[in-house]
Amino acid sequence: MIKVKMEVLSGDPPCPGCLAVLELADEFALKYKGKLDVIKLIGEEALAKFDEYRIGCVPAIVINEKIRIEGICPSRKTLDNALREGGL
Amino acid sequence: MIVMLKVFHPSPPCAKCRQVEKVAARVAARHPGEVEVLSLPVLSEEARSYGILLTPGVVINDRIFSTGKVISEDELENAIEVELDVK
């Protein structure tokens, strides 16, 4: 089975939105264990991807190299839909 | 006289900080040559020297103007005008 890659970008220090997204990422990593590859990028380690994907602001969620969420923490339903669109 | 306007943000910047950067840029554009805007990371010696604990942090001429909220253009415009002695 091909895993779906979800990259979560957060600022350092994290804003409230980033904290919420990081928590949501942990929750979804458990929910879709074995199917979803969650990569958390915080602060300095997020900068390269931030530029590569041309993201405007954090928090951001990139699913299989496509920006799906930017600037807000999504609802569980929205993230589920984004993952489904991403191939999960 | 040049007014120094510093916006401190986390790295990478969050949505609120981006908004404040845009507000600062728009206000600065109304005062060509009089307002200099700098966008700086909050995890820095400079931010620590001002004692900024929340982002976005806005510092005007070395005085903290606001932290942790998106300021309006009017608020910033008024503060800049006071610094420029227009008011």
# chains A, B, ... in the order shown; residues from 1 in each chain; ligands from 1
>>> residues_around(residues="region 69-84 of chain B", least_positions_apart="6", cutoff="12 Å", atoms="only C-alpha atoms", output="ChimeraX atom specification")
/A:15 /B:1-9,14-31,33-37,54-63
>>> interface_residues(of="chain A", to="chain B", cutoff="8 Å", atoms="only C-alpha atoms", output="PyMOL selection string")
chain A and resi 10-15+43-44+46-47+50+56-59+71-72
>>> write_last_selection(atoms="C-alpha atoms", output="CSV table (one decimal), in the first residue's frame")
chain,number,residue,atom,x,y,z
A,10,SER,CA,4.5,25.3,12.0
A,11,GLY,CA,6.2,28.5,13.0
A,12,ASP,CA,8.7,28.8,15.9
A,13,PRO,CA,7.5,29.8,18.4
A,14,PRO,CA,4.2,28.3,17.3
A,15,CYS,CA,1.1,30.5,17.1
A,43,GLY,CA,10.5,26.7,12.6
A,44,GLU,CA,13.9,26.6,10.9
A,46,ALA,CA,10.2,24.3,7.8
A,47,LEU,CA,11.8,27.2,6.0
A,50,PHE,CA,8.1,27.0,3.0
A,56,GLY,CA,2.4,32.4,2.3
A,57,CYS,CA,2.0,31.7,6.0
A,58,VAL,CA,1.8,29.0,8.7
A,59,PRO,CA,0.2,26.8,9.8
A,71,GLY,CA,-3.1,30.0,7.6
A,72,ILE,CA,-5.7,28.2,9.7
>>> residues_around(residues="region 83-88 of chain A", least_positions_apart="3", cutoff="8 Å", atoms="only C-alpha atoms", output="PyMOL selection string")
chain A and resi 3-4+35-36+63-64+79-80
>>> select_by_dssp(residues="chain A", states="strand (DSSP E or B)", output="PyMOL selection string")
chain A and resi 4-10+12+36-42+58+60-63+66-70
>>> select_by_dssp(residues="chain A", states="alpha helix (DSSP H)", output="PyMOL selection string")
chain A and resi 16-31+44-52+76-85
>>> atom_distance(atom1="CA of Met6 (chain A)", atom2="CA of Ala82 (chain A)")
10.1 Å
>>> atom_distance(atom1="CA of Glu45 (chain B)", atom2="CA of Val21 (chain A)")
27.9 Å
>>> residues_around(residues="Gly34 (chain A)", least_positions_apart="2", cutoff="10 Å", atoms="only C-alpha atoms", output="PyMOL selection string")
chain A and resi 1-4+29-32+36-37
>>> atom_distance(atom1="CA of Val8 (chain A)", atom2="CA of Glu23 (chain A)")
10.5 Å
>>> residues_around(residues="Ile67 (chain A)", least_positions_apart="6", cutoff="10 Å", atoms="only C-alpha atoms", output="list in words")
Met6, Glu7, Tyr53, Arg54, Ile55, Ala60, Ile61 and Ala82 of chain A
